[in-house]
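Q: Got a structure for you, coords-v7.txt, holding compact mmCIF, C-alpha atoms.
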```txt
# COMPACT_ATOMS: atom_id res chain seq x y z
CA MET A 1 -32.27 -21.56 45.01
CA GLY A 2 -32.07 -25.28 44.27
CA VAL A 3 -31.24 -28.02 46.71
CA SER A 4 -27.55 -28.90 46.83
CA ASP A 5 -26.28 -32.35 45.87
CA ASN A 6 -25.03 -32.93 49.42
CA THR A 7 -28.50 -32.24 50.81
CA VAL A 8 -30.04 -34.73 48.39
CA GLY A 9 -27.39 -37.31 49.27
CA LEU A 10 -27.89 -36.70 52.99
CA SER A 11 -31.68 -37.12 52.68
CA LEU A 12 -31.29 -40.35 50.70
CA ALA A 13 -28.80 -41.72 53.22
CA VAL A 14 -31.12 -40.98 56.15
CA ALA A 15 -34.06 -42.54 54.27
CA SER A 16 -31.88 -45.57 53.52
CA SER A 17 -31.08 -46.04 57.21
CA ALA A 18 -34.76 -45.73 58.12
CA PHE A 19 -35.76 -48.37 55.56
CA ILE A 20 -32.98 -50.77 56.55
CA GLY A 21 -33.63 -50.33 60.28
CA ALA A 22 -37.35 -51.01 59.81
CA SER A 23 -36.60 -54.02 57.59
CA PHE A 24 -34.88 -55.82 60.48
CA ILE A 25 -38.09 -55.53 62.52
CA LEU A 26 -40.34 -56.75 59.72
CA LYS A 27 -38.07 -59.72 58.99
CA LYS A 28 -37.80 -60.56 62.69
CA ILE A 29 -41.61 -60.58 63.09
CA GLY A 30 -41.89 -62.70 59.94
CA LEU A 31 -39.33 -65.18 61.29
CA ILE A 32 -41.19 -65.41 64.60
CA ARG A 33 -44.50 -66.11 62.86
CA ALA A 34 -42.90 -68.63 60.51
CA GLY A 35 -41.28 -70.41 63.45
CA LYS A 36 -44.66 -70.99 65.07
CA GLY A 37 -45.93 -72.92 62.05
CA GLY A 38 -42.82 -74.82 61.01
CA VAL A 39 -39.08 -75.31 61.48
CA ARG A 40 -37.35 -72.12 62.60
CA ALA A 41 -34.65 -70.54 60.43
CA GLY A 42 -32.20 -71.07 63.29
CA GLY A 43 -32.95 -74.79 63.04
CA GLY A 44 -32.38 -74.92 59.30
CA GLY A 45 -35.97 -74.31 58.20
CA TYR A 46 -37.12 -72.13 55.31
CA THR A 47 -40.80 -71.65 56.15
CA TYR A 48 -40.12 -67.92 56.45
CA LEU A 49 -40.14 -67.81 52.65
CA LEU A 50 -43.92 -68.24 52.86
CA GLU A 51 -44.33 -65.39 55.37
CA PRO A 52 -45.51 -62.07 53.78
CA LEU A 53 -43.95 -59.94 56.54
CA TRP A 54 -40.52 -61.44 55.87
CA TRP A 55 -40.85 -60.50 52.20
CA ALA A 56 -42.05 -57.04 53.23
CA GLY A 57 -38.84 -56.74 55.23
CA MET A 58 -36.78 -57.84 52.25
CA MET A 59 -38.50 -55.31 49.98
CA THR A 60 -37.96 -52.57 52.58
CA MET A 61 -34.29 -53.48 52.82
CA LEU A 62 -34.03 -53.44 49.01
CA LEU A 63 -35.49 -49.92 48.95
CA GLY A 64 -32.95 -48.90 51.58
CA GLU A 65 -30.05 -50.34 49.62
CA ILE A 66 -31.22 -48.62 46.43
CA ALA A 67 -31.51 -45.30 48.27
CA ASN A 68 -28.05 -45.82 49.72
CA PHE A 69 -26.60 -46.62 46.29
CA VAL A 70 -28.15 -43.50 44.75
CA ALA A 71 -26.95 -41.39 47.70
CA TYR A 72 -23.35 -42.10 46.71
CA THR A 73 -23.98 -40.44 43.34
CA PHE A 74 -24.90 -37.16 45.06
CA ALA A 75 -22.66 -37.02 48.14
CA PRO A 76 -19.15 -38.23 49.03
CA ALA A 77 -18.68 -41.54 50.85
CA VAL A 78 -17.38 -39.74 53.93
CA LEU A 79 -20.86 -38.25 54.36
CA VAL A 80 -23.03 -41.22 53.35
CA THR A 81 -21.27 -44.22 54.90
CA PRO A 82 -21.28 -43.13 58.59
CA LEU A 83 -25.02 -42.51 58.38
CA GLY A 84 -25.47 -46.27 58.03
CA ALA A 85 -25.09 -46.35 61.82
CA LEU A 86 -28.52 -44.70 62.05
CA SER A 87 -30.08 -48.01 61.01
CA ILE A 88 -28.74 -49.54 64.23
CA ILE A 89 -30.34 -46.86 66.35
CA ILE A 90 -33.64 -47.12 64.46
CA SER A 91 -33.78 -50.92 64.65
CA SER A 92 -32.85 -50.92 68.36
CA LEU A 93 -35.55 -48.39 69.20
CA LEU A 94 -38.15 -50.28 67.18
CA ALA A 95 -37.06 -53.56 68.78
CA HIS A 96 -37.60 -52.00 72.21
CA PHE A 97 -41.08 -50.66 71.48
CA VAL A 98 -42.39 -53.23 68.96
CA LEU A 99 -40.67 -56.50 69.87
CA LYS A 100 -40.31 -55.67 73.58
CA GLU A 101 -36.66 -56.71 73.51
CA ARG A 102 -34.70 -55.45 76.48
CA LEU A 103 -31.24 -53.96 76.16
CA GLU A 104 -29.38 -53.37 79.41
CA LYS A 105 -27.42 -50.19 80.14
CA LEU A 106 -24.12 -51.94 79.44
CA GLY A 107 -25.55 -53.08 76.11
CA VAL A 108 -26.58 -49.51 75.29
CA LEU A 109 -23.07 -48.31 76.10
CA GLY A 110 -21.61 -51.08 73.94
CA CYS A 111 -23.94 -50.15 71.10
CA VAL A 112 -22.85 -46.51 71.33
CA SER A 113 -19.18 -47.54 71.41
CA CYS A 114 -19.66 -49.69 68.31
CA ILE A 115 -21.30 -46.83 66.47
CA VAL A 116 -18.64 -44.30 67.50
CA GLY A 117 -15.81 -46.67 66.56
CA SER A 118 -17.37 -47.48 63.19
CA VAL A 119 -17.89 -43.81 62.42
CA ILE A 120 -14.24 -43.05 63.27
CA VAL A 121 -13.01 -45.85 61.01
CA VAL A 122 -15.23 -44.83 58.12
CA ILE A 123 -14.43 -41.11 58.40
CA HIS A 124 -10.68 -41.76 58.34
CA ALA A 125 -10.87 -44.53 55.77
CA PRO A 126 -8.98 -43.69 52.56
CA GLN A 127 -10.80 -42.88 49.34
CA GLU A 128 -11.22 -45.79 46.94
CA HIS A 129 -9.87 -45.68 43.41
CA MET A 130 -12.72 -45.92 40.90
CA PRO A 131 -11.77 -48.44 38.19
CA ASN A 132 -12.35 -47.61 34.54
CA SER A 133 -13.39 -51.11 33.42
CA VAL A 134 -14.41 -54.52 34.70
CA GLU A 135 -11.16 -55.93 33.37
CA GLU A 136 -9.24 -53.52 35.57
CA ILE A 137 -11.18 -54.75 38.61
CA TRP A 138 -10.45 -58.34 37.63
CA ASN A 139 -6.73 -57.57 37.47
CA LEU A 140 -6.96 -56.12 40.99
CA ALA A 141 -8.87 -59.19 42.21
CA ILE A 142 -6.24 -61.67 41.02
CA GLN A 143 -3.36 -59.88 42.72
CA PRO A 144 -1.65 -61.99 45.45
CA GLY A 145 -2.82 -59.73 48.29
CA PHE A 146 -6.54 -59.94 47.58
CA LEU A 147 -6.36 -63.59 46.50
CA THR A 148 -4.87 -64.38 49.92
CA TYR A 149 -7.69 -62.47 51.62
CA ALA A 150 -10.38 -64.18 49.53
CA VAL A 151 -8.99 -67.67 50.13
CA ALA A 152 -8.57 -67.00 53.86
CA THR A 153 -12.16 -65.73 54.03
CA LEU A 154 -13.53 -68.82 52.30
CA VAL A 155 -11.49 -71.11 54.59
CA VAL A 156 -12.81 -69.31 57.70
CA VAL A 157 -16.39 -69.45 56.39
CA ALA A 158 -16.04 -73.18 55.61
CA ALA A 159 -14.73 -73.84 59.13
CA LEU A 160 -17.57 -71.85 60.69
CA VAL A 161 -20.23 -73.63 58.60
CA LEU A 162 -18.90 -77.19 58.88
CA PHE A 163 -17.43 -77.26 62.40
CA PHE A 164 -18.52 -74.35 64.59
CA GLU A 165 -22.13 -73.82 63.48
CA PRO A 166 -23.41 -77.32 64.42
CA ARG A 167 -21.81 -77.03 67.87
CA TYR A 168 -22.06 -73.35 68.83
CA GLY A 169 -24.40 -71.71 66.31
CA GLN A 170 -27.34 -71.52 68.74
CA THR A 171 -25.30 -70.05 71.60
CA ASN A 172 -22.58 -67.87 70.04
CA ILE A 173 -23.78 -64.94 67.92
CA MET A 174 -20.37 -64.53 66.28
CA ILE A 175 -20.82 -67.76 64.28
CA TYR A 176 -23.74 -66.67 62.12
CA LEU A 177 -22.63 -63.04 61.90
CA GLY A 178 -19.06 -64.04 61.12
CA ILE A 179 -20.28 -66.03 58.13
CA CYS A 180 -22.59 -63.37 56.68
CA SER A 181 -20.13 -60.51 57.36
CA SER A 182 -17.24 -62.36 55.73
CA MET A 183 -19.32 -63.18 52.68
CA GLY A 184 -20.58 -59.60 52.72
CA SER A 185 -17.09 -58.21 52.23
CA LEU A 186 -16.79 -60.28 49.05
CA THR A 187 -20.27 -59.18 48.02
CA VAL A 188 -19.25 -55.51 48.12
CA VAL A 189 -16.31 -55.86 45.72
CA SER A 190 -18.47 -57.96 43.37
CA ILE A 191 -21.35 -55.49 43.46
CA LYS A 192 -18.92 -52.65 42.81
CA ALA A 193 -17.63 -54.46 39.72
CA ILE A 194 -21.21 -54.95 38.50
CA GLY A 195 -21.98 -51.29 39.16
CA VAL A 196 -18.95 -50.19 37.17
CA ALA A 197 -20.02 -52.49 34.32
CA ILE A 198 -23.54 -51.00 34.28
CA LYS A 199 -22.25 -47.43 34.42
CA LEU A 200 -19.73 -47.95 31.62
CA THR A 201 -22.31 -49.75 29.49
CA LEU A 202 -24.77 -46.86 29.87
CA ASP A 203 -21.95 -44.50 28.90
CA GLY A 204 -21.49 -46.36 25.63
CA MET A 205 -18.64 -48.72 26.59
CA ASN A 206 -20.27 -52.14 26.54
CA GLN A 207 -19.04 -54.42 29.36
CA ILE A 208 -21.66 -57.15 28.92
CA ALA A 209 -19.50 -59.12 26.49
CA TYR A 210 -16.69 -59.48 29.03
CA PRO A 211 -16.81 -62.86 30.88
CA HIS A 212 -15.47 -61.08 33.97
CA THR A 213 -18.77 -59.22 34.30
CA TRP A 214 -20.79 -62.43 34.49
CA LEU A 215 -18.28 -64.03 36.82
CA PHE A 216 -18.74 -61.14 39.24
CA VAL A 217 -22.53 -61.55 38.89
CA ILE A 218 -22.30 -65.23 39.85
CA ILE A 219 -20.02 -64.46 42.81
CA ALA A 220 -22.36 -61.69 43.99
CA ILE A 221 -25.42 -63.98 43.82
CA ILE A 222 -23.71 -66.74 45.81
CA CYS A 223 -22.45 -64.31 48.45
CA VAL A 224 -25.77 -62.45 48.78
CA VAL A 225 -27.77 -65.69 49.18
CA SER A 226 -25.31 -66.93 51.84
CA GLN A 227 -25.43 -63.57 53.57
CA ILE A 228 -29.23 -63.49 53.75
CA ASN A 229 -29.45 -67.10 54.90
CA TYR A 230 -27.13 -66.71 57.89
CA LEU A 231 -28.42 -63.25 58.78
CA ASN A 232 -31.89 -64.80 59.01
CA LYS A 233 -30.54 -67.49 61.34
CA ALA A 234 -28.92 -64.84 63.53
CA LEU A 235 -32.14 -62.79 63.68
CA ASP A 236 -34.19 -65.89 64.51
CA THR A 237 -31.83 -67.01 67.29
CA PHE A 238 -30.69 -63.81 68.99
CA ASP A 239 -32.17 -60.44 69.97
CA LEU A 240 -32.27 -57.87 67.20
CA ALA A 241 -30.83 -55.18 69.49
CA VAL A 242 -27.62 -57.24 69.70
CA VAL A 243 -27.56 -58.64 66.14
CA SER A 244 -27.90 -55.26 64.43
CA PRO A 245 -24.89 -53.41 65.91
CA ILE A 246 -22.52 -56.39 65.84
CA TYR A 247 -23.44 -57.16 62.23
CA TYR A 248 -22.92 -53.51 61.28
CA VAL A 249 -19.52 -53.41 62.99
CA MET A 250 -18.23 -56.66 61.48
CA PHE A 251 -19.58 -55.95 58.01
CA THR A 252 -18.18 -52.39 57.95
CA THR A 253 -14.78 -53.46 59.26
CA LEU A 254 -14.34 -56.42 56.90
CA THR A 255 -15.55 -54.34 53.95
CA ILE A 256 -12.96 -51.65 54.69
CA VAL A 257 -10.25 -54.33 54.99
CA ALA A 258 -11.27 -56.05 51.74
CA SER A 259 -11.47 -52.77 49.87
CA GLY A 260 -8.14 -51.59 51.26
CA ILE A 261 -6.37 -54.78 50.21
CA MET A 262 -7.93 -54.93 46.76
CA PHE A 263 -7.62 -51.27 45.82
CA LYS A 264 -4.55 -50.45 47.98
CA ASP A 265 -6.44 -47.60 49.60
CA TRP A 266 -3.95 -47.17 52.45
CA ALA A 267 -1.06 -46.34 50.12
CA GLY A 268 0.11 -42.78 50.75
CA GLN A 269 -2.19 -42.27 53.76
CA SER A 270 -1.00 -40.05 56.61
CA PHE A 271 0.06 -41.49 59.96
CA SER A 272 -2.70 -39.60 61.78
CA SER A 273 -5.39 -41.19 59.60
CA ILE A 274 -3.98 -44.67 60.11
CA ALA A 275 -3.75 -44.09 63.88
CA SER A 276 -7.36 -42.87 63.93
CA GLU A 277 -8.48 -46.02 62.13
CA PHE A 278 -6.76 -48.21 64.70
CA CYS A 279 -8.37 -46.23 67.53
CA GLY A 280 -11.72 -46.76 65.85
CA LEU A 281 -11.14 -50.50 65.60
CA ILE A 282 -10.20 -50.67 69.30
CA THR A 283 -13.39 -48.78 70.15
CA ILE A 284 -15.39 -51.25 68.05
CA LEU A 285 -13.78 -54.20 69.83
CA THR A 286 -14.57 -52.68 73.23
CA GLY A 287 -18.18 -52.10 72.25
CA THR A 288 -18.53 -55.66 70.97
CA ILE A 289 -17.22 -57.03 74.28
CA MET A 290 -19.71 -54.84 76.15
CA LEU A 291 -22.57 -56.16 74.05
CA HIS A 292 -21.51 -59.76 74.66
CA THR A 293 -21.14 -59.12 78.40
CA ALA A 294 -24.58 -57.54 78.58
CA LYS A 295 -26.11 -60.50 76.74
CA GLU A 296 -24.33 -63.06 78.93
CA GLU A 297 -25.41 -61.26 82.12
CA GLU A 298 -29.03 -61.24 80.94
CA THR A 299 -28.89 -64.94 80.04
CA GLY A 300 -27.12 -65.78 83.29
CA SER A 301 -29.68 -63.93 85.40
CA SER A 302 -32.50 -65.82 83.67
CA ALA A 303 -30.76 -69.15 84.23
CA ALA A 304 -30.19 -68.32 87.90
CA LEU A 305 -33.91 -67.95 88.69
CA PRO A 306 -34.85 -70.17 91.68
CA TRP A 307 -36.76 -73.36 90.98
CA PRO A 308 -39.66 -73.68 90.16
CA LEU A 309 -39.49 -70.42 88.18
CA ASP A 310 -37.15 -71.98 85.66
CA ARG A 311 -38.20 -74.73 83.31
CA GLY A 312 -36.82 -78.21 82.89
CA SER A 313 -37.12 -81.89 83.60
CA ILE A 314 -36.33 -83.15 87.10
CA SER A 315 -35.66 -86.74 88.10
CA TRP A 316 -36.51 -87.86 91.63
CA CYS A 317 -35.19 -91.10 93.16
CA ILE A 318 -37.52 -92.12 96.00
CA SER A 319 -36.75 -95.04 98.31
CA LEU A 320 -39.75 -96.73 99.89
CA GLY A 321 -38.57 -99.42 102.27
CA SER A 322 -36.70 -101.95 100.22
CA ASP A 323 -38.22 -100.89 96.90
CA ASN A 324 -36.71 -98.21 94.66
CA LEU A 325 -38.96 -96.06 92.56
CA LEU A 326 -37.68 -93.72 89.81
CA LYS A 327 -40.20 -91.02 89.09
CA ASN A 328 -39.73 -88.38 86.37
CA VAL A 329 -41.37 -85.06 87.03
CA ASN A 330 -41.73 -83.01 83.83
CA GLU A 331 -43.73 -80.11 85.22
CA ASP A 332 -42.72 -76.83 86.77
CA HIS A 333 -44.15 -77.55 90.23
CA PHE A 334 -43.54 -79.99 93.08
CA ALA A 335 -45.16 -83.40 93.08
CA ALA A 336 -46.55 -84.82 96.31
CA LEU A 337 -46.26 -88.54 96.90
CA GLN A 338 -48.98 -90.12 99.01
CA SER A 339 -47.90 -93.41 100.62
CA SER A 340 -47.41 -95.10 103.95
CA PRO A 341 -44.79 -93.52 106.23
CA ALA A 342 -41.37 -94.43 105.00
CA PRO A 343 -37.98 -92.73 104.79
CA VAL A 344 -37.49 -90.66 101.64
```
The structure in this file should be written as structure tokens.
A:
Amino acid sequence: MGVSDNTVGLSLAVASSAFIGASFILKKIGLIRAGKGGVRAGGGGYTYLLEPLWWAGMMTMLLGEIANFVAYTFAPAVLVTPLGALSIIISSLLAHFVLKERLEKLGVLGCVSCIVGSVIVVIHAPQEHMPNSVEEIWNLAIQPGFLTYAVATLVVVAALVLFFEPRYGQTNIMIYLGICSSMGSLTVVSIKAIGVAIKLTLDGMNQIAYPHTWLFVIIAIICVVSQINYLNKALDTFDLAVVSPIYYVMFTTLTIVASGIMFKDWAGQSFSSIASEFCGLITILTGTIMLHTAKEEETGSSAALPWPLDRGSISWCISLGSDNLLKNVNEDHFAALQSSPAPV
């Protein structure tokens, strides 16, 4: 008896999650190595492009995305999409054992909540309408609802890049991930249009001559490059165990919203399904807050270490008789001043 299509799709989806989860680790190690020999990605550097491990991570992620794409041809989305959460578990476990990144119990609970909430949202998400041509997708894209979403997304991304990133990019994980997740939602609809064009062309209905096809290609390239750039900055600045689940949650949520607006997926959906989606979103929000709280507690506990265990520059003002002496101590230990007896 042959293997069923669902089994093939399930196997490809699990393999996809394994590849994508491992790719985060490879890219993180590559970014760390690149940062030691040049400007870090978090500081605007691009030396990671010369690091073989970073490219190995990119190739591994590409294999995962290809496996995920093929999985959708064998199994329904309701089976394949939730399995994307496995990449979070895989990357978190590898980060713990390979990168020695620590995730507190509250962070683990937040991670689990994010996964559960995302699974609920995806399971109850409505089925998308498969367009029959690129022109049909273009007509959906220029409708007022999706145009409003696209413009709002670009405005938010511009504000994050121009105003918030220079001030809070190194301390607030939501800046980098907000940018790449927002651009990612636009990437998905563009990639879907390209996929439809390829499928129809292979079926004998040439879509290459349509300018809409190439417009979607240009949009996809711009969005993908932006996505990769800011995801690299997030990975270089923050722990992978926190980046991975938050990125998954934001990307999944915004993708569902973008798809729902563009393809009107929620039309005719039952009240129970809509209520379940809202419950899932609330669970995601709770998990995200838990992850942030865990990260802040870890950072706060490190900052609260008694001196001289912490690092920094300390200025001492020492009065010797009538003379004032300003001495800067830039080391992590006390300095002893040898002089004649005088009040200090």
Q: Give me the residues within 7 Å of Ser87 (chain A) as number ranges by chain, counting all atoms listed in the file and dropping any in the same chain fewer than 5 places off.
A: A: 17-18, 20-21
Q: Find the distance between CA of Glu104 (chain A) and CA of Ile88 (chain A) and write it in Å to one decimal.
A: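 Atom-to-atom, CA of Glu104 (chain A) and CA of Ile88 (chain A) are spaced 15.7 Å apart.
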Q: Provide the CA of Val8 (chain A) to CA of Val112 (chain A) distance in Å, to one decimal place.
A: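 We find that CA of Val8 (chain A) and CA of Val112 (chain A) lie 26.8 Å from each other.
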Q: For the interface of region 113-167 of chain A with region 219-225 of chain A (cut-off 12 Å, counting all atoms listed in the file), please tabulate each contacting residue of region 113-167 of chain A alongside its nearest pair of atoms and their separation in Å to one decimal, rows sorted by chain and increasing number, as a Markdown table.
A:
```
| residue | atom | partner | partner_atom | distance |
| --- | --- | --- | --- | --- |
| A:Ala150 | CA | A:Ile219 | CA | 11.8 |
| A:Thr153 | CA | A:Cys223 | CA | 11.8 |
| A:Leu154 | CA | A:Cys223 | CA | 10.7 |
| A:Val157 | CA | A:Cys223 | CA | 11.2 |
```
Q: Determine, using only C-alpha atoms, which residues of region 82-199 of chain A have any atom at most 10 Å from an atom of region 66-70 of chain A, and tabulate each with its shortest atom pair and distance in Å to one decimal place, rows ordered by chain and then rising number, as a tab-separated table.
A:
```
residue	atom	partner	partner_atom	distance
A:Leu83	CA	A:Asn68	CA	9.8
A:Gly84	CA	A:Asn68	CA	8.7
A:Gly195	CA	A:Phe69	CA	9.7
```
Q: Find the residues around Pro245 (chain A) up to 8 Å (only C-alpha atoms counted), leave out those fewer than 3 positions away in its own chain, and share them as number ranges by chain.
A: A: 88, 111, 114-115, 241-242, 248-249
Q: Between A:Val119, A:Ile142, A:Leu162, A:Leu31, which one has atoms that come closest to Thr253 (chain A), using all atoms listed in the file?
A: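 Closest to Thr253 (chain A) of all the choices is A:Val119.
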Q: Please return as a list in words every residue within 12 Å of (-12.2, -65.9, 52.8), taking into account all atoms listed in the file and the file's own coordinates.
A: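 These residues have at least one counted atom within 12 Å: Phe146, Leu147, Thr148, Tyr149, Ala150, Val151, Ala152, Thr153, Leu154, Val155, Val156, Val157, Ala158, Ala159, Leu160, Gly178, Ile179, Cys180, Ser181, Ser182, Met183, Gly184, Ser185, Leu186, Thr187, Cys223, Leu254, Val257 and Ala258 of chain A.
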Q: Quick one: of A:Ile123, A:Val189, A:Leu202, A:Met290, who's nearest to Gly107 (chain A), counting all atoms listed in the file?
A: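 Nearest to Gly107 (chain A): A:Met290.
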Q: At a cut-off of 8 Å, using all atoms listed in the file, what residues contact Leu177 (chain A)? Leave out same-chain residues fewer than 2 positions from it and give the result as a ChimeraX atom specification.
A: /A:173-175,179-181,230-231,234,243,246-247,250
Q: Can you measure CA of Leu26 (chain A) to CA of Trp54 (chain A) for me? One decimal in Å is fine.
A: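 Result for CA of Leu26 (chain A) versus CA of Trp54 (chain A): 6.1 Å, one decimal.
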Q: Measuring between only C-alpha atoms, which one of A:Leu49, A:Val108, A:Ala22, A:Ala56 shows the shortest distance to Ser91 (chain A)?
A: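 Of all the options, A:Ala22 lies closest to Ser91 (chain A).
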Q: Measuring atom to atom with only C-alpha atoms, identify which of A:Ala275, A:Ile218, A:Leu103, A:Ala95 is nearest to Ile29 (chain A).
A: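 Looking only at the distances to Ile29 (chain A), the closest residue turns out to be A:Ala95.
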Q: Closest to Ala209 (chain A) among A:Val134, A:Leu94, A:Ile261, A:Val188, using only C-alpha atoms?
A: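 With only C-alpha atoms as the atom set, the closest residue is A:Val134.
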Q: Compare A:Gly9, A:Gly260, A:Gly37, A:Gly268 by their minimum atom-to-atom distance to Ala141 (chain A), counting only C-alpha atoms, and give me the closest one.
A: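 Smallest distance to Ala141 (chain A) is found for A:Gly260.
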Q: Write out as a ChimeraX atom specification the residues lying within 12 Å of Trp138 (chain A), counting only C-alpha atoms and excluding same-chain residues fewer than 6 positions away.
A: /A:131-132,146-147,189-190,192-194,196-197,210-216,262-263
Q: Skipping near chain neighbours, those fewer than 4 positions away, what residues fall within 8 Å of Met59 (chain A) using only C-alpha atoms, listed as a list in words?
A: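 So the residues in contact are Ser23, Trp55 and Leu63 of chain A.
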